[in-house]
$ cat structure30.cif   # mmCIF, C-alpha atoms and all ligand atoms
data_data
loop_
_atom_site.label_atom_id
_atom_site.label_comp_id
_atom_site.auth_asym_id
_atom_site.auth_seq_id
_atom_site.Cartn_x
_atom_site.Cartn_y
_atom_site.Cartn_z
CA MET A 1044 -72.17 34.38 -147.28
CA THR A 1045 -71.71 38.12 -147.97
CA VAL A 1046 -70.16 40.31 -150.65
CA SER A 1047 -69.63 43.93 -149.56
CA ASN A 1048 -72.30 43.48 -146.87
CA VAL A 1049 -74.75 42.22 -149.45
CA ASN A 1050 -76.41 38.89 -148.78
CA VAL A 1051 -75.64 36.62 -151.76
CA PHE A 1052 -77.79 33.74 -150.58
CA GLY A 1053 -79.62 32.35 -153.62
CA LYS A 1054 -78.99 35.37 -155.82
CA LEU A 1055 -77.96 35.50 -159.45
CA TYR A 1056 -75.10 37.93 -160.14
CA VAL A 1057 -74.69 39.07 -163.76
CA VAL A 1058 -71.00 39.89 -163.89
CA ALA A 1059 -69.29 41.86 -166.68
CA THR A 1060 -65.78 40.68 -167.54
CA PRO A 1061 -63.05 42.36 -169.67
CA ILE A 1062 -63.34 42.69 -173.47
CA GLY A 1063 -59.60 42.27 -173.97
CA ASN A 1064 -57.52 43.95 -171.29
CA LEU A 1065 -57.64 41.73 -168.20
CA ALA A 1066 -57.30 44.78 -165.94
CA ASP A 1067 -60.74 46.03 -167.03
CA ILE A 1068 -62.67 44.28 -164.28
CA SER A 1069 -64.10 45.87 -161.16
CA PHE A 1070 -63.09 45.03 -157.58
CA ARG A 1071 -66.71 44.16 -156.97
CA ALA A 1072 -66.75 41.73 -159.90
CA ILE A 1073 -63.67 39.91 -158.57
CA GLU A 1074 -65.10 39.87 -155.05
CA THR A 1075 -68.36 38.45 -156.36
CA LEU A 1076 -66.70 35.78 -158.52
CA LYS A 1077 -64.71 34.66 -155.45
CA ALA A 1078 -67.71 34.64 -153.13
CA VAL A 1079 -70.40 32.84 -155.13
CA ASP A 1080 -70.88 29.07 -154.97
CA LEU A 1081 -70.96 28.57 -158.73
CA ILE A 1082 -69.98 30.42 -161.88
CA ALA A 1083 -72.11 29.83 -164.99
CA ALA A 1084 -69.91 30.59 -167.99
CA GLU A 1085 -70.44 30.69 -171.75
CA ASP A 1086 -67.16 28.83 -172.33
CA THR A 1087 -65.67 27.36 -169.18
CA ARG A 1088 -62.20 26.96 -170.75
CA HIS A 1089 -62.16 30.60 -171.81
CA VAL A 1090 -63.20 31.99 -168.43
CA LYS A 1091 -60.62 29.83 -166.65
CA MET A 1092 -57.89 32.16 -167.98
CA LEU A 1093 -59.52 35.13 -166.29
CA LEU A 1094 -60.22 33.23 -163.08
CA HIS A 1095 -56.67 31.90 -162.97
CA HIS A 1096 -55.33 35.45 -163.42
CA TYR A 1097 -57.25 36.59 -160.33
CA GLY A 1098 -56.69 33.43 -158.28
CA ILE A 1099 -60.35 32.42 -158.39
CA THR A 1100 -60.90 28.67 -158.05
CA ASN A 1101 -64.68 28.46 -157.98
CA LYS A 1102 -66.70 25.66 -159.52
CA LEU A 1103 -67.78 26.27 -163.11
CA VAL A 1104 -70.82 25.18 -165.05
CA SER A 1105 -71.47 25.80 -168.71
CA LEU A 1106 -74.31 27.97 -170.01
CA HIS A 1107 -74.19 28.68 -173.74
CA GLN A 1108 -76.66 29.38 -176.51
CA HIS A 1109 -77.17 25.68 -177.28
CA ASN A 1110 -78.01 24.52 -173.74
CA GLU A 1111 -79.32 27.64 -172.05
CA ASP A 1112 -83.00 26.71 -171.98
CA LYS A 1113 -82.31 23.45 -170.14
CA ALA A 1114 -79.38 24.78 -168.09
CA SER A 1115 -81.38 27.84 -166.95
CA GLY A 1116 -84.03 25.62 -165.35
CA GLU A 1117 -81.35 23.64 -163.52
CA LEU A 1118 -79.63 26.82 -162.32
CA LEU A 1119 -82.94 28.18 -161.04
CA GLU A 1120 -83.37 25.04 -158.97
CA LYS A 1121 -79.91 25.56 -157.47
CA LEU A 1122 -80.72 29.20 -156.66
CA ARG A 1123 -83.88 28.01 -154.93
CA THR A 1124 -81.78 25.82 -152.64
CA GLY A 1125 -79.78 28.87 -151.58
CA ILE A 1126 -76.82 28.49 -153.91
CA SER A 1127 -75.42 31.77 -155.23
CA ILE A 1128 -74.48 31.93 -158.91
CA ALA A 1129 -72.46 34.37 -161.03
CA LEU A 1130 -73.25 34.51 -164.74
CA VAL A 1131 -70.37 35.50 -167.04
CA SER A 1132 -69.89 35.43 -170.80
CA ASP A 1133 -66.68 35.13 -172.82
CA ALA A 1134 -66.21 38.90 -172.85
CA GLY A 1135 -67.99 41.99 -171.65
CA THR A 1136 -71.52 42.14 -170.35
CA PRO A 1137 -73.63 38.97 -170.46
CA LEU A 1138 -76.85 39.10 -172.52
CA LEU A 1139 -75.43 41.78 -174.87
CA SER A 1140 -75.15 39.60 -178.01
CA ASP A 1141 -74.30 36.86 -175.53
CA PRO A 1142 -76.17 34.09 -173.66
CA GLY A 1143 -78.07 34.68 -170.41
CA MET A 1144 -81.42 36.24 -171.30
CA PRO A 1145 -83.51 33.06 -170.63
CA LEU A 1146 -81.79 32.57 -167.26
CA VAL A 1147 -82.27 36.17 -166.12
CA LYS A 1148 -85.90 36.12 -167.27
CA LEU A 1149 -86.60 32.85 -165.48
CA VAL A 1150 -84.97 33.96 -162.24
CA LYS A 1151 -86.85 37.26 -162.22
CA GLU A 1152 -90.14 35.51 -162.97
CA ALA A 1153 -89.45 33.19 -160.04
CA GLY A 1154 -89.17 36.27 -157.82
CA LEU A 1155 -85.49 35.79 -156.98
CA ASP A 1156 -82.92 38.58 -157.05
CA VAL A 1157 -80.79 39.36 -160.09
CA VAL A 1158 -77.86 41.62 -159.25
CA PRO A 1159 -75.94 43.34 -162.06
CA ILE A 1160 -72.21 43.81 -161.53
CA PRO A 1161 -71.38 46.34 -164.29
CA GLY A 1162 -68.21 46.61 -166.30
CA ALA A 1163 -66.87 46.45 -169.84
CA CYS A 1164 -69.14 46.34 -172.86
CA ALA A 1165 -67.75 46.70 -176.39
CA LEU A 1166 -70.54 48.89 -177.74
CA ILE A 1167 -70.40 51.37 -174.85
CA THR A 1168 -66.58 51.40 -174.95
CA ALA A 1169 -66.67 52.20 -178.67
CA LEU A 1170 -69.34 54.88 -178.26
CA SER A 1171 -67.40 56.55 -175.46
CA ALA A 1172 -64.48 57.22 -177.82
CA ALA A 1173 -66.35 57.76 -181.09
CA GLY A 1174 -67.37 61.39 -180.87
CA MET A 1175 -70.78 60.58 -182.36
CA PRO A 1176 -74.08 61.75 -180.85
CA VAL A 1177 -75.08 59.33 -178.09
CA THR A 1178 -78.10 61.02 -176.53
CA GLN A 1179 -80.08 58.46 -178.46
CA PHE A 1180 -78.64 55.49 -180.31
CA SER A 1181 -79.74 52.15 -181.63
CA PHE A 1182 -77.80 48.95 -180.89
CA GLU A 1183 -78.26 46.40 -183.66
CA GLY A 1184 -76.20 43.44 -182.39
CA PHE A 1185 -74.73 41.28 -185.17
CA LEU A 1186 -75.89 41.90 -188.75
CA PRO A 1187 -77.43 39.29 -191.05
CA ARG A 1188 -74.85 37.06 -192.71
CA THR A 1189 -75.99 37.22 -196.32
CA SER A 1190 -75.33 40.18 -198.56
CA SER A 1191 -78.96 40.61 -199.64
CA ALA A 1192 -80.23 40.57 -196.04
CA ARG A 1193 -77.52 43.05 -195.02
CA LYS A 1194 -78.44 45.43 -197.83
CA ALA A 1195 -82.09 45.23 -196.81
CA PHE A 1196 -81.00 45.95 -193.22
CA PHE A 1197 -79.01 49.03 -194.29
CA THR A 1198 -81.87 50.22 -196.48
CA GLU A 1199 -84.26 50.08 -193.53
CA ARG A 1200 -81.87 52.34 -191.60
CA LEU A 1201 -81.07 54.71 -194.48
CA ASN A 1202 -83.13 57.52 -192.99
CA LEU A 1203 -82.68 56.71 -189.32
CA THR A 1204 -81.55 59.97 -187.74
CA LYS A 1205 -79.96 58.59 -184.58
CA THR A 1206 -76.53 56.97 -184.33
CA TRP A 1207 -76.57 53.21 -184.82
CA VAL A 1208 -74.06 50.62 -183.70
CA PHE A 1209 -73.42 47.00 -184.57
CA TYR A 1210 -70.96 44.17 -183.93
CA GLU A 1211 -69.05 42.60 -186.80
CA SER A 1212 -66.55 39.78 -187.15
CA CYS A 1213 -63.24 39.88 -189.02
CA HIS A 1214 -64.68 37.40 -191.55
CA ARG A 1215 -67.41 39.78 -192.67
CA ILE A 1216 -66.15 43.32 -192.05
CA LEU A 1217 -65.08 43.86 -195.67
CA ALA A 1218 -68.21 42.34 -197.21
CA CYS A 1219 -70.27 44.39 -194.77
CA LEU A 1220 -68.65 47.67 -195.89
CA GLN A 1221 -68.98 46.67 -199.54
CA ASP A 1222 -72.73 46.25 -199.00
CA MET A 1223 -72.94 49.49 -197.05
CA VAL A 1224 -71.50 51.58 -199.88
CA GLU A 1225 -74.16 50.23 -202.19
CA VAL A 1226 -76.91 51.51 -199.94
CA LEU A 1227 -75.75 54.41 -197.77
CA PRO A 1228 -74.35 57.76 -198.97
CA LEU A 1229 -70.58 57.52 -199.47
CA ASP A 1230 -69.97 60.56 -197.27
CA ARG A 1231 -71.83 59.09 -194.29
CA GLU A 1232 -69.45 59.20 -191.33
CA ILE A 1233 -68.66 55.93 -189.60
CA VAL A 1234 -66.40 54.76 -186.79
CA ILE A 1235 -64.61 51.45 -186.95
CA ALA A 1236 -63.50 50.43 -183.46
CA ARG A 1237 -61.23 47.43 -183.64
CA GLU A 1238 -59.55 45.36 -180.89
CA LEU A 1239 -60.75 47.70 -178.16
CA THR A 1240 -58.63 47.71 -174.98
CA LYS A 1241 -56.10 45.38 -176.66
CA LEU A 1242 -52.58 45.87 -178.00
CA HIS A 1243 -53.73 46.71 -181.53
CA GLU A 1244 -56.67 48.92 -180.58
CA THR A 1245 -57.62 51.07 -183.59
CA ILE A 1246 -60.45 53.59 -183.69
CA VAL A 1247 -60.94 55.36 -187.02
CA LYS A 1248 -63.60 57.93 -187.79
CA VAL A 1249 -63.93 58.44 -191.55
CA SER A 1250 -66.42 58.65 -194.39
CA LEU A 1251 -67.95 55.38 -195.53
CA SER A 1252 -65.94 55.42 -198.78
CA GLU A 1253 -62.67 56.01 -196.87
CA ALA A 1254 -63.57 53.19 -194.49
CA LEU A 1255 -63.96 50.80 -197.39
CA THR A 1256 -60.58 51.86 -198.80
CA ILE A 1257 -58.86 51.46 -195.43
CA VAL A 1258 -60.32 48.04 -194.72
CA SER A 1259 -59.81 46.68 -198.24
CA THR A 1260 -56.20 47.86 -198.56
CA ASN A 1261 -54.88 47.16 -195.06
CA ASP A 1262 -54.78 43.48 -194.02
CA ASN A 1263 -54.57 44.39 -190.33
CA MET A 1264 -57.87 46.23 -190.59
CA ARG A 1265 -59.55 42.91 -191.32
CA LYS A 1266 -58.22 41.23 -188.16
CA GLY A 1267 -59.67 41.04 -184.67
CA GLU A 1268 -63.03 42.12 -183.30
CA PHE A 1269 -65.06 45.08 -184.51
CA VAL A 1270 -67.68 47.53 -183.40
CA VAL A 1271 -69.04 49.73 -186.20
CA ILE A 1272 -70.83 52.99 -185.44
CA VAL A 1273 -72.81 54.79 -188.12
CA GLN A 1274 -73.76 58.46 -188.04
CA GLY A 1275 -77.51 59.08 -188.22
CA ALA A 1276 -79.03 60.34 -191.48
CA VAL A 1277 -78.76 64.04 -192.18
CA ALA A 1278 -81.44 66.11 -193.93
CA ASP A 1279 -79.57 65.85 -197.24
CA ASP A 1280 -80.40 62.18 -197.54
CA SER A 1281 -83.96 63.05 -198.51
CA GLN A 1282 -82.54 64.33 -201.82
CA HIS A 1283 -81.76 60.75 -202.72
CA LEU A 1284 -85.42 59.73 -202.66
CA LEU A 1285 -87.44 59.19 -205.84
CA SER A 1286 -90.23 61.34 -207.22
CA GLU A 1287 -93.75 59.88 -207.06
CA GLU A 1288 -93.69 59.11 -210.80
CA GLN A 1289 -90.31 57.40 -210.59
CA GLU A 1290 -91.41 55.27 -207.64
CA LYS A 1291 -94.62 54.27 -209.46
CA LEU A 1292 -92.62 53.19 -212.51
CA LEU A 1293 -90.19 51.22 -210.38
CA ARG A 1294 -93.03 49.41 -208.59
CA ILE A 1295 -94.57 48.42 -211.95
CA LEU A 1296 -91.25 47.17 -213.28
CA MET A 1297 -90.62 45.21 -210.08
CA ARG A 1298 -93.94 43.39 -210.53
CA GLU A 1299 -92.71 42.08 -213.89
CA CYS A 1300 -88.97 41.50 -213.43
CA SER A 1301 -86.14 40.97 -210.95
CA ILE A 1302 -84.85 43.87 -208.84
CA LYS A 1303 -81.70 44.05 -210.94
CA THR A 1304 -83.58 44.29 -214.26
CA ALA A 1305 -86.21 46.64 -212.86
CA VAL A 1306 -83.51 49.00 -211.61
CA ALA A 1307 -81.57 48.84 -214.90
CA LEU A 1308 -84.73 49.65 -216.90
CA ALA A 1309 -85.70 52.44 -214.51
CA VAL A 1310 -82.23 54.01 -214.87
CA GLU A 1311 -82.67 54.04 -218.64
CA ILE A 1312 -86.20 55.42 -218.57
CA THR A 1313 -85.83 58.05 -215.83
CA GLY A 1314 -82.13 58.97 -215.92
CA GLN A 1315 -82.21 58.72 -212.10
CA ARG A 1316 -79.06 57.51 -210.26
CA LYS A 1317 -78.73 53.71 -210.16
CA LYS A 1318 -77.90 53.76 -206.45
CA THR A 1319 -81.01 55.78 -205.59
CA LEU A 1320 -83.23 53.45 -207.60
CA TYR A 1321 -81.58 50.41 -206.08
CA GLN A 1322 -82.11 51.73 -202.53
CA ALA A 1323 -85.74 52.42 -203.32
CA ALA A 1324 -86.15 48.96 -204.88
CA LEU A 1325 -84.77 47.31 -201.73
CA LEU A 1326 -87.20 49.31 -199.61
CA ILE A 1327 -90.15 48.31 -201.81
CA ASP A 1328 -89.03 44.68 -201.71
CA GLN A 1329 -88.67 44.81 -197.92
CA GLU A 1330 -92.12 46.37 -197.61
CA ALA A 1331 -93.57 43.50 -199.67
CA THR A 1332 -91.77 40.87 -197.54
CA ASN A 1333 -93.00 42.51 -194.32
CA SER A 1334 -96.61 42.61 -195.44
CA ALA A 1335 -96.40 38.98 -196.63
CA HIS A 1336 -95.36 37.99 -193.09
CA GLN A 1337 -98.13 39.93 -191.34
N1 LIG B 1401 -71.11 40.83 -174.45
C1 LIG B 1401 -70.07 41.48 -175.20
C2 LIG B 1401 -70.07 42.97 -174.85
O1 LIG B 1401 -70.48 43.31 -173.74
O2 LIG B 1401 -69.61 43.77 -175.64
C3 LIG B 1401 -70.20 41.25 -176.66
C4 LIG B 1401 -70.16 39.80 -177.03
S1 LIG B 1401 -70.35 39.52 -178.76
C5 LIG B 1401 -70.51 37.76 -178.78
C6 LIG B 1401 -68.73 39.67 -179.35
C7 LIG B 1401 -68.61 40.84 -180.32
O3 LIG B 1401 -68.48 42.05 -179.59
C8 LIG B 1401 -67.38 40.74 -181.20
O4 LIG B 1401 -67.62 39.96 -182.36
C9 LIG B 1401 -67.17 42.20 -181.56
O5 LIG B 1401 -68.05 42.60 -182.58
C10 LIG B 1401 -67.56 42.88 -180.24
N2 LIG B 1401 -66.37 43.00 -179.39
C11 LIG B 1401 -66.09 42.30 -178.28
N3 LIG B 1401 -64.90 42.68 -177.78
C12 LIG B 1401 -64.42 43.61 -178.60
C13 LIG B 1401 -63.22 44.39 -178.64
N4 LIG B 1401 -62.28 44.24 -177.72
N5 LIG B 1401 -63.06 45.28 -179.64
C14 LIG B 1401 -64.00 45.44 -180.58
N6 LIG B 1401 -65.15 44.73 -180.61
C15 LIG B 1401 -65.34 43.84 -179.63
#

$ encode --input "structure30.cif" --output "structure tokens" --more "lines below"
Ligand code: SAM
Amino acid sequence: MTVSNVNVFGKLYVVATPIGNLADISFRAIETLKAVDLIAAEDTRHVKMLLHHYGITNKLVSLHQHNEDKASGELLEKLRTGISIALVSDAGTPLLSDPGMPLVKLVKEAGLDVVPIPGACALITALSAAGMPVTQFSFEGFLPRTSSARKAFFTERLNLTKTWVFYESCHRILACLQDMVEVLPLDREIVIARELTKLHETIVKVSLSEALTIVSTNDNMRKGEFVVIVQGAVADDSQHLLSEEQEKLLRILMRECSIKTAVALAVEITGQRKKTLYQAALLIDQEATNSAHQ
């Protein structure tokens, strides 16, 4: 069997599918999905819509985060018998915050071919329209779900100078921004890219404080799927750091009381901004957690 003169015998094709607009799929992806013997999909019901749209009637098998270790072994055995397989996720490029890594790793380790069929990816789509520096950027996937873990996450990136990008759901976008304003400078520029390639696509580039206002006051801005892009730290951010004396005091207070009390006492004693002390306290706390786990 061949696809564009390429032998597909026993190969694994990693096929990107649309992230909303069904037209965002390559000719090669459609050709491949038609030609392979089997399609391994994150959610077989979901992918059926796409396949139906393009008249593809291939056999489907499910590969999702809860079965992928077992299913990957079985798929490798099929590839070994000469069966060609396409891996797709619900949207965009497989493996990017989606299942597939164990399968691709296993197939490569077995010495078989893995062929990428490129296409849509939400983070790249958002970056391409953000107008933020992209020479270097950091992709962070989905953020932690609890507020304290998110704040620690933002604190760790406070002084990161490159652009960073993450995925967020409609259920947490507001809480996420509320945590961000507690940690990052309010004038930090961010891009909220919502419902990309879909009817209600919205891409706003604003300061962090404006973003919080927009998302908290407009119900529609809490609906759909989100990519958030954060500008890297600028030199000014160093002004927010503590003096040596202030940091020493904060560390002593944190040994004796909770972060909240330590910060409140440090504000009273030093006159330093609460936000600055809080950011520093989260960093110190994170440092302590990291060294406890080493
Ligand atoms: N593999 C996909 C990719 O290539 O982008 C990402 C899958 S991840 C499970 C799904 C998340 O990607 C969503 O929660 C959202 O954060 C982001 N995403 C996917 N499609 C999107 C879209 N059309 N607009 C904005 N964000 C999107």

$ closest_residue --input "structure30.cif" --among "A:Lys1241, A:Arg1188, A:Lys1121, A:Lys1054" --to "ligand LIG 1401 (chain B)" --atoms "only C-alpha atoms and all ligand atoms"
A:Lys1241

$ closest_atom_pairs --input "structure30.cif" --of "chain A" --to "ligand LIG 1401 (chain B)" --cutoff "7 Å" --atoms "only C-alpha atoms and all ligand atoms" --output "tab-separated table"
residue	atom	partner	partner_atom	distance
A:Ile1062	CA	B:LIG1401	N3	4.6
A:Gly1063	CA	B:LIG1401	N4	5.0
A:Ser1132	CA	B:LIG1401	N1	6.6
A:Ala1134	CA	B:LIG1401	C1	5.2
A:Gly1135	CA	B:LIG1401	O1	3.5
A:Thr1136	CA	B:LIG1401	O1	3.7
A:Pro1137	CA	B:LIG1401	N1	5.1
A:Leu1138	CA	B:LIG1401	N1	6.3
A:Leu1139	CA	B:LIG1401	N1	4.4
A:Ser1140	CA	B:LIG1401	S1	4.9
A:Asp1141	CA	B:LIG1401	C5	5.1
A:Ala1163	CA	B:LIG1401	O1	6.2
A:Cys1164	CA	B:LIG1401	O1	3.4
A:Ala1165	CA	B:LIG1401	O2	3.6
A:Leu1166	CA	B:LIG1401	O2	5.6
A:Tyr1210	CA	B:LIG1401	O5	3.6
A:Glu1211	CA	B:LIG1401	O5	4.3
A:Ser1212	CA	B:LIG1401	O4	4.9
A:Ala1236	CA	B:LIG1401	C14	5.8
A:Arg1237	CA	B:LIG1401	C14	4.6
A:Glu1238	CA	B:LIG1401	N5	3.7
A:Leu1239	CA	B:LIG1401	N5	3.7
A:Thr1240	CA	B:LIG1401	N4	5.7
A:Lys1241	CA	B:LIG1401	N4	6.4
A:Glu1268	CA	B:LIG1401	N6	4.3
A:Phe1269	CA	B:LIG1401	N6	3.9
A:Val1270	CA	B:LIG1401	N6	4.7

$ closest_atom_pairs --input "structure30.cif" --of "range 1136-1212 of chain A" --to "range 1325-1336 of chain A" --cutoff "7 Å" --atoms "all atoms listed in the file" --output "CSV"
residue,atom,partner,partner_atom,distance
A:Ala1195,CA,A:Leu1325,CA,6.0
A:Thr1198,CA,A:Leu1326,CA,6.2
A:Glu1199,CA,A:Leu1326,CA,6.8

$ residues_around --input "structure30.cif" --residues "Ser1252 in chain A" --least-positions-apart "2" --cutoff "9 Å" --atoms "all atoms listed in the file" --output "PyMOL selection string"
chain A and resi 1220+1224+1228-1231+1249-1250+1254-1257

$ closest_atom_pairs --input "structure30.cif" --of "range 1232-1328 of chain A" --to "range 1170-1180 of chain A" --cutoff "12 Å" --atoms "all atoms listed in the file" --output "CSV"
residue,atom,partner,partner_atom,distance
A:Glu1232,CA,A:Met1175,CA,9.2
A:Ile1233,CA,A:Met1175,CA,8.9
A:Val1234,CA,A:Ala1173,CA,6.4
A:Ile1235,CA,A:Ala1173,CA,8.8
A:Ala1236,CA,A:Ala1173,CA,8.2
A:Arg1237,CA,A:Ala1173,CA,11.8
A:Leu1239,CA,A:Ala1172,CA,10.2
A:Thr1240,CA,A:Ala1172,CA,11.5
A:Glu1244,CA,A:Ala1172,CA,11.7
A:Thr1245,CA,A:Ala1172,CA,10.9
A:Ile1246,CA,A:Ala1173,CA,7.7
A:Val1247,CA,A:Ala1173,CA,8.4
A:Lys1248,CA,A:Ala1173,CA,7.2
A:Val1249,CA,A:Ala1173,CA,10.8
A:Val1270,CA,A:Leu1170,CA,9.1
A:Val1271,CA,A:Leu1170,CA,9.5
A:Ile1272,CA,A:Leu1170,CA,7.6
A:Val1273,CA,A:Met1175,CA,8.4
A:Gln1274,CA,A:Met1175,CA,6.8
A:Gly1275,CA,A:Pro1176,CA,8.6
A:Ala1276,CA,A:Pro1176,CA,11.8

$ atom_distance --input "structure30.cif" --atom1 "CA of Leu1106 in chain A" --atom2 "CA of Ala1059 in chain A"
15.1 Å

$ axis_aligned_box --input "structure30.cif" --around "range 1075-1079 of chain A" --padding-each-side "8 Å" --output "AutoDock Vina command-line options"
--center_x -67.6 --center_y 35.6 --center_z -155.8 --size_x 21.7 --size_y 21.6 --size_z 21.4

$ closest_residue --input "structure30.cif" --among "A:Leu1308, A:His1095, A:Ser1105, A:Arg1123" --to "Pro1142 in chain A" --atoms "all atoms listed in the file"
A:Ser1105
